[in-house]
Amino acid sequence: MIIARSPLRIPLGGGGTDLPSYYKKRNGYLVSIAIDKYIYISLGETFNNKFILNYSELEIANKVQNIRHPLFRETLKYFNIRRPIHLASHADIPAGTGLGSSGCFAVTLTNILSFYKNIKLSKKKIAEIACDIEINKLKEAVGKQDQYVSSYGGLNEYYFYKDNSSKVKKLKISNMFLKKLEKNFRLFFTGYTRKSYDILKDQDKKTKLMDKKMLKNLDQTKEFGKLVKNSLIKKDIIELANLMNDHWKLKKKRSSNISNSHIDKFYNIALDNGALGGKLIGAGGGGFLLFLTGKSDDLKILEKKGLKEIKFKFDFEGTKVI
């Protein structure tokens with residue numbers, strides 16, 4: 001049996017500029033970090049000449065083309081897997097919560113199938129294959145952030161260029177400051193799950209139509225990403241927190257579906273009870289609220305209000321076979 005895992009991610013600035021509809025016009029830029037919450041996929045051979053897939057459902061198929069799960073089907077096709085195998089997935093965090101689970105799943109599957117076929121791939125190539133399957137084969141309105149962060153791990157800046165090339169640069173941050181960020185970042189599950197594709201489709205459509213408001217919003221979002229990078233390098237917690245607040249306000253202008261009264265209520269409670277800054281993670285509509293605090297024991301009130309806190313650390317390994 002082979003087991004692979006890949007980390008989920010937390011975007012810190014510039015998210016949304018990684019969609020092809022934007023970066024092919026104006027180049028994309030973002031800063032993001034991987035966390036120690038993972039998607040695992042195991043692979044074993046079967047003896048009944050059927051593909052067996054365990055995810056949120058149990059699926060058994062005679063041929064790859066008969067598989068219903070789109071990512072399983074298209075990735076198996078990509079690697080020309082003809083001999084039936086058993087694939088099972090497990091996620092530390094449920095899908096649809098804004099932590100990049102779909103891209104992470106695609107990366108993990110790409111990694112384990114390439115290992116199974118004895119094909120050596122770089123981190124970049126794994127990310128590129130996962131992006132190609134989701135964006136080009138499945139025509140999903142998604143960006144490239146999730147796949148790249150899941151593949152590389154760590155705290156990096158990501159450049160996505162008009163010619164479809166990319167660049168990944170590690171941010172030079174001291175271990176001491178990284179530990180401080182780990183302690184002072186707080187992640188709370190709002191209890192809502194959503195499908196990011198529905199929200200991203202609206203952004204994608206407007207960007208393709210050269211909607212001036214959407215393009216201006218994404219231009220500003222990209223600049224926020226660069227400001228976030230500078231605040232991290234300067235080790236300026238207050239500036240980073242203020243940027244998170246401004247970034248969230250800007251993001252909400254993209255769509256009325258990004259936030260709701262439930263999310264806004266908890267966001268305001270947090271700011272009134274020790275949070276220096278915060279935002280909703282992912283495309284919006286539900287999932288996780290991320291806050292930056294001055295002290296690691298702030299925000300106990302949110303748990304009393306019924307929100308579940310998820311403790312995490314940063315991941316610097318990226319996708320791997322374990």
# chains A, B, ... in the order shown; residues from 1 in each chain; ligands from 1
call {"tool": "residues_around", "arguments": {"residues": "Leu109 of chain A", "least_positions_apart": "6", "cutoff": "9 Å", "atoms": "only C-alpha atoms", "output": "list in words"}}
result
Ala4, Arg5, Tyr40, Ile41, Leu71, Phe72, Thr75, Leu76 and Ala130 of chain A
call {"tool": "write_last_selection", "arguments": {"atoms": "C-alpha atoms", "output": "PDB file, in the first residue's frame"}}
result
ATOM      1  CA  ALA A   4       0.408  10.240   0.194  1.00  0.00           C
ATOM      2  CA  ARG A   5      -0.592  13.427   1.968  1.00  0.00           C
ATOM      3  CA  TYR A  40      -4.514  11.672   2.626  1.00  0.00           C
ATOM      4  CA  ILE A  41      -4.946   9.207  -0.218  1.00  0.00           C
ATOM      5  CA  LEU A  71     -10.999  14.231 -10.187  1.00  0.00           C
ATOM      6  CA  PHE A  72     -10.448  10.509  -9.697  1.00  0.00           C
ATOM      7  CA  THR A  75      -6.374  11.959 -13.033  1.00  0.00           C
ATOM      8  CA  LEU A  76      -6.471   8.203 -13.620  1.00  0.00           C
ATOM      9  CA  ALA A 130      -3.258  19.234 -10.856  1.00  0.00           C
TER      10      ALA A 130
END
call {"tool": "residues_around", "arguments": {"residues": "Pro84 of chain A", "least_positions_apart": "3", "cutoff": "10 Å", "atoms": "only C-alpha atoms", "output": "ChimeraX atom specification"}}
result
/A:44-52,61-64,81,87
call {"tool": "residues_around", "arguments": {"residues": "Gln65 of chain A", "least_positions_apart": "6", "cutoff": "9 Å", "atoms": "only C-alpha atoms", "output": "PyMOL selection string"}}
result
chain A and resi 73-74+77
call {"tool": "atom_distance", "arguments": {"atom1": "atom CA of Asp132 of chain A", "atom2": "atom CA of Thr108 of chain A"}}
result
14.3 Å
call {"tool": "closest_residue", "arguments": {"among": "A:Gly96, A:Gly294, A:Gly286, A:Gly225", "to": "Tyr159 of chain A", "atoms": "only C-alpha atoms"}}
result
A:Gly225
call {"tool": "atom_distance", "arguments": {"atom1": "atom CA of Tyr152 of chain A", "atom2": "atom CA of Gly318 of chain A"}}
result
4.6 Å
call {"tool": "select_by_dssp", "arguments": {"residues": "segment 149-267 of chain A", "states": "helix (DSSP H, G or I)", "output": "PyMOL selection string"}}
result
chain A and resi 149-152+175-184+196-208+212-234+237-252+261-267
call {"tool": "select_by_dssp", "arguments": {"residues": "segment 81-255 of chain A", "states": "strand (DSSP E)", "output": "number ranges by chain"}}
result
A: 85-91, 155-160, 166-170, 185-189
call {"tool": "write_last_selection", "arguments": {"atoms": "N, CA, C and O atoms", "output": "PDB file, in the first residue's frame"}}
result
ATOM      1  N   ILE A  85      -7.282  -0.439  -9.410  1.00  0.00           N
ATOM      2  CA  ILE A  85      -6.657  -0.214  -8.112  1.00  0.00           C
ATOM      3  C   ILE A  85      -7.718   0.266  -7.124  1.00  0.00           C
ATOM      4  O   ILE A  85      -8.832   0.641  -7.503  1.00  0.00           O
ATOM      5  N   HIS A  86      -7.345   0.269  -5.855  1.00  0.00           N
ATOM      6  CA  HIS A  86      -8.210   0.731  -4.776  1.00  0.00           C
ATOM      7  C   HIS A  86      -7.641   2.042  -4.248  1.00  0.00           C
ATOM      8  O   HIS A  86      -6.502   2.093  -3.780  1.00  0.00           O
ATOM      9  N   LEU A  87      -8.414   3.120  -4.332  1.00  0.00           N
ATOM     10  CA  LEU A  87      -8.009   4.425  -3.835  1.00  0.00           C
ATOM     11  C   LEU A  87      -8.972   4.871  -2.748  1.00  0.00           C
ATOM     12  O   LEU A  87     -10.193   4.772  -2.905  1.00  0.00           O
ATOM     13  N   ALA A  88      -8.423   5.352  -1.632  1.00  0.00           N
ATOM     14  CA  ALA A  88      -9.256   5.833  -0.524  1.00  0.00           C
ATOM     15  C   ALA A  88      -8.719   7.161  -0.032  1.00  0.00           C
ATOM     16  O   ALA A  88      -7.498   7.347   0.092  1.00  0.00           O
ATOM     17  N   SER A  89      -9.611   8.102   0.241  1.00  0.00           N
ATOM     18  CA  SER A  89      -9.187   9.425   0.700  1.00  0.00           C
ATOM     19  C   SER A  89      -9.702   9.706   2.108  1.00  0.00           C
ATOM     20  O   SER A  89     -10.745   9.196   2.529  1.00  0.00           O
ATOM     21  N   HIS A  90      -8.940  10.526   2.826  1.00  0.00           N
ATOM     22  CA  HIS A  90      -9.333  10.996   4.152  1.00  0.00           C
ATOM     23  C   HIS A  90      -8.908  12.448   4.277  1.00  0.00           C
ATOM     24  O   HIS A  90      -7.800  12.819   3.855  1.00  0.00           O
ATOM     25  N   ALA A  91      -9.762  13.286   4.849  1.00  0.00           N
ATOM     26  CA  ALA A  91      -9.445  14.699   5.028  1.00  0.00           C
ATOM     27  C   ALA A  91      -9.545  15.089   6.498  1.00  0.00           C
ATOM     28  O   ALA A  91     -10.510  14.719   7.171  1.00  0.00           O
ATOM     29  N   LEU A 155       5.654  29.048   3.590  1.00  0.00           N
ATOM     30  CA  LEU A 155       5.156  30.414   3.436  1.00  0.00           C
ATOM     31  C   LEU A 155       5.865  31.031   2.238  1.00  0.00           C
ATOM     32  O   LEU A 155       7.067  31.317   2.287  1.00  0.00           O
ATOM     33  N   ASN A 156       5.115  31.233   1.164  1.00  0.00           N
ATOM     34  CA  ASN A 156       5.718  31.676  -0.093  1.00  0.00           C
ATOM     35  C   ASN A 156       4.903  32.785  -0.746  1.00  0.00           C
ATOM     36  O   ASN A 156       3.725  32.971  -0.444  1.00  0.00           O
ATOM     37  N   GLU A 157       5.566  33.468  -1.678  1.00  0.00           N
ATOM     38  CA  GLU A 157       4.844  34.358  -2.581  1.00  0.00           C
ATOM     39  C   GLU A 157       4.769  33.663  -3.939  1.00  0.00           C
ATOM     40  O   GLU A 157       5.704  32.983  -4.360  1.00  0.00           O
ATOM     41  N   TYR A 158       3.619  33.816  -4.581  1.00  0.00           N
ATOM     42  CA  TYR A 158       3.351  33.119  -5.834  1.00  0.00           C
ATOM     43  C   TYR A 158       3.030  34.133  -6.925  1.00  0.00           C
ATOM     44  O   TYR A 158       2.177  35.010  -6.741  1.00  0.00           O
ATOM     45  N   TYR A 159       3.719  33.999  -8.044  1.00  0.00           N
ATOM     46  CA  TYR A 159       3.502  34.860  -9.203  1.00  0.00           C
ATOM     47  C   TYR A 159       2.903  34.012 -10.327  1.00  0.00           C
ATOM     48  O   TYR A 159       3.455  32.964 -10.680  1.00  0.00           O
ATOM     49  N   PHE A 160       1.806  34.487 -10.902  1.00  0.00           N
ATOM     50  CA  PHE A 160       1.185  33.819 -12.033  1.00  0.00           C
ATOM     51  C   PHE A 160       1.117  34.815 -13.190  1.00  0.00           C
ATOM     52  O   PHE A 160       0.496  35.874 -13.078  1.00  0.00           O
ATOM     53  N   SER A 166       4.810  30.547 -14.086  1.00  0.00           N
ATOM     54  CA  SER A 166       4.642  30.869 -12.671  1.00  0.00           C
ATOM     55  C   SER A 166       6.003  30.923 -11.985  1.00  0.00           C
ATOM     56  O   SER A 166       7.002  30.410 -12.505  1.00  0.00           O
ATOM     57  N   LYS A 167       6.017  31.542 -10.822  1.00  0.00           N
ATOM     58  CA  LYS A 167       7.239  31.602 -10.018  1.00  0.00           C
ATOM     59  C   LYS A 167       6.855  31.513  -8.552  1.00  0.00           C
ATOM     60  O   LYS A 167       5.883  32.128  -8.114  1.00  0.00           O
ATOM     61  N   VAL A 168       7.624  30.734  -7.791  1.00  0.00           N
ATOM     62  CA  VAL A 168       7.390  30.565  -6.361  1.00  0.00           C
ATOM     63  C   VAL A 168       8.640  31.016  -5.618  1.00  0.00           C
ATOM     64  O   VAL A 168       9.742  30.567  -5.917  1.00  0.00           O
ATOM     65  N   LYS A 169       8.469  31.927  -4.659  1.00  0.00           N
ATOM     66  CA  LYS A 169       9.606  32.424  -3.881  1.00  0.00           C
ATOM     67  C   LYS A 169       9.316  32.280  -2.389  1.00  0.00           C
ATOM     68  O   LYS A 169       8.268  32.733  -1.911  1.00  0.00           O
ATOM     69  N   LYS A 170      10.227  31.647  -1.689  1.00  0.00           N
ATOM     70  CA  LYS A 170      10.085  31.491  -0.243  1.00  0.00           C
ATOM     71  C   LYS A 170      10.311  32.829   0.443  1.00  0.00           C
ATOM     72  O   LYS A 170      11.254  33.553   0.141  1.00  0.00           O
ATOM     73  N   PHE A 185      -2.331  33.491  15.315  1.00  0.00           N
ATOM     74  CA  PHE A 185      -3.394  33.221  14.351  1.00  0.00           C
ATOM     75  C   PHE A 185      -4.397  32.279  15.006  1.00  0.00           C
ATOM     76  O   PHE A 185      -4.032  31.280  15.630  1.00  0.00           O
ATOM     77  N   ARG A 186      -5.685  32.570  14.856  1.00  0.00           N
ATOM     78  CA  ARG A 186      -6.741  31.732  15.431  1.00  0.00           C
ATOM     79  C   ARG A 186      -7.759  31.415  14.333  1.00  0.00           C
ATOM     80  O   ARG A 186      -8.235  32.320  13.633  1.00  0.00           O
ATOM     81  N   LEU A 187      -8.099  30.154  14.216  1.00  0.00           N
ATOM     82  CA  LEU A 187      -8.959  29.685  13.137  1.00  0.00           C
ATOM     83  C   LEU A 187     -10.239  29.094  13.713  1.00  0.00           C
ATOM     84  O   LEU A 187     -10.189  28.161  14.520  1.00  0.00           O
ATOM     85  N   PHE A 188     -11.386  29.631  13.299  1.00  0.00           N
ATOM     86  CA  PHE A 188     -12.682  29.201  13.837  1.00  0.00           C
ATOM     87  C   PHE A 188     -13.613  28.769  12.711  1.00  0.00           C
ATOM     88  O   PHE A 188     -13.781  29.482  11.719  1.00  0.00           O
ATOM     89  N   PHE A 189     -14.238  27.623  12.909  1.00  0.00           N
ATOM     90  CA  PHE A 189     -15.192  27.107  11.933  1.00  0.00           C
ATOM     91  C   PHE A 189     -16.550  27.745  12.171  1.00  0.00           C
ATOM     92  O   PHE A 189     -17.097  27.671  13.273  1.00  0.00           O
TER      93      PHE A 189
END
call {"tool": "residues_around", "arguments": {"residues": "segment 301-311 of chain A", "least_positions_apart": "5", "cutoff": "12 Å", "atoms": "only C-alpha atoms", "output": "mmCIF file with C-alpha atoms, in the first residue's frame"}}
result
data_model
loop_
_atom_site.group_PDB
_atom_site.id
_atom_site.type_symbol
_atom_site.label_atom_id
_atom_site.label_comp_id
_atom_site.auth_asym_id
_atom_site.auth_seq_id
_atom_site.Cartn_x
_atom_site.Cartn_y
_atom_site.Cartn_z
ATOM 1 C CA ILE A 35 -0.872 24.271 7.483
ATOM 2 C CA ASP A 36 -0.650 20.875 9.184
ATOM 3 C CA LYS A 37 -4.152 19.810 8.186
ATOM 4 C CA ASP A 92 -8.580 16.309 8.369
ATOM 5 C CA ILE A 93 -10.991 19.146 7.486
ATOM 6 C CA GLU A 182 1.342 30.281 14.770
ATOM 7 C CA LYS A 183 0.377 31.265 18.317
ATOM 8 C CA ASN A 184 -1.471 34.441 17.390
ATOM 9 C CA PHE A 185 -3.394 33.221 14.351
ATOM 10 C CA ARG A 186 -6.741 31.732 15.431
ATOM 11 C CA LEU A 187 -8.959 29.685 13.137
ATOM 12 C CA PHE A 188 -12.682 29.201 13.837
ATOM 13 C CA PHE A 189 -15.192 27.107 11.933
ATOM 14 C CA THR A 190 -18.381 29.062 11.288
ATOM 15 C CA GLY A 191 -20.453 25.899 10.967
ATOM 16 C CA TYR A 192 -21.297 26.689 7.378
ATOM 17 C CA HIS A 262 -23.968 35.142 10.644
ATOM 18 C CA ILE A 263 -20.350 35.615 9.550
ATOM 19 C CA LYS A 265 -21.730 38.934 13.616
ATOM 20 C CA PHE A 266 -18.872 36.668 14.690
ATOM 21 C CA TYR A 267 -16.324 38.829 12.912
ATOM 22 C CA ASN A 268 -17.462 41.887 14.870
ATOM 23 C CA ILE A 269 -17.581 39.963 18.168
ATOM 24 C CA ALA A 270 -13.976 38.898 17.599
ATOM 25 C CA LEU A 271 -12.803 42.450 16.902
ATOM 26 C CA ASP A 272 -14.522 43.595 20.106
ATOM 27 C CA ASN A 273 -12.845 40.860 22.160
ATOM 28 C CA GLY A 274 -9.152 40.811 21.360
ATOM 29 C CA ALA A 275 -8.784 40.243 17.624
ATOM 30 C CA GLY A 287 -16.148 27.961 6.282
ATOM 31 C CA PHE A 288 -13.373 29.362 8.467
ATOM 32 C CA LEU A 289 -12.751 32.762 10.008
ATOM 33 C CA LEU A 290 -9.073 33.565 10.569
ATOM 34 C CA PHE A 291 -8.105 36.128 13.209
ATOM 35 C CA SER A 296 -2.810 33.618 22.182
#
call {"tool": "closest_residue", "arguments": {"among": "A:Arg254, A:Lys212, A:Lys205, A:Lys320", "to": "Ile112 of chain A", "atoms": "only C-alpha atoms"}}
result
A:Lys320
call {"tool": "residues_around", "arguments": {"residues": "Asn175 of chain A", "least_positions_apart": "2", "cutoff": "12 Å", "atoms": "only C-alpha atoms", "output": "ChimeraX atom specification"}}
result
/A:154-155,171-173,177-182,235,314,316
call {"tool": "atom_distance", "arguments": {"atom1": "atom CA of Lys201 of chain A", "atom2": "atom CA of Gly285 of chain A"}}
result
13.4 Å
call {"tool": "closest_residue", "arguments": {"among": "A:Ser56, A:Asn111, A:Thr17, A:Ser231", "to": "Ile3 of chain A", "atoms": "only C-alpha atoms"}}
result
A:Asn111
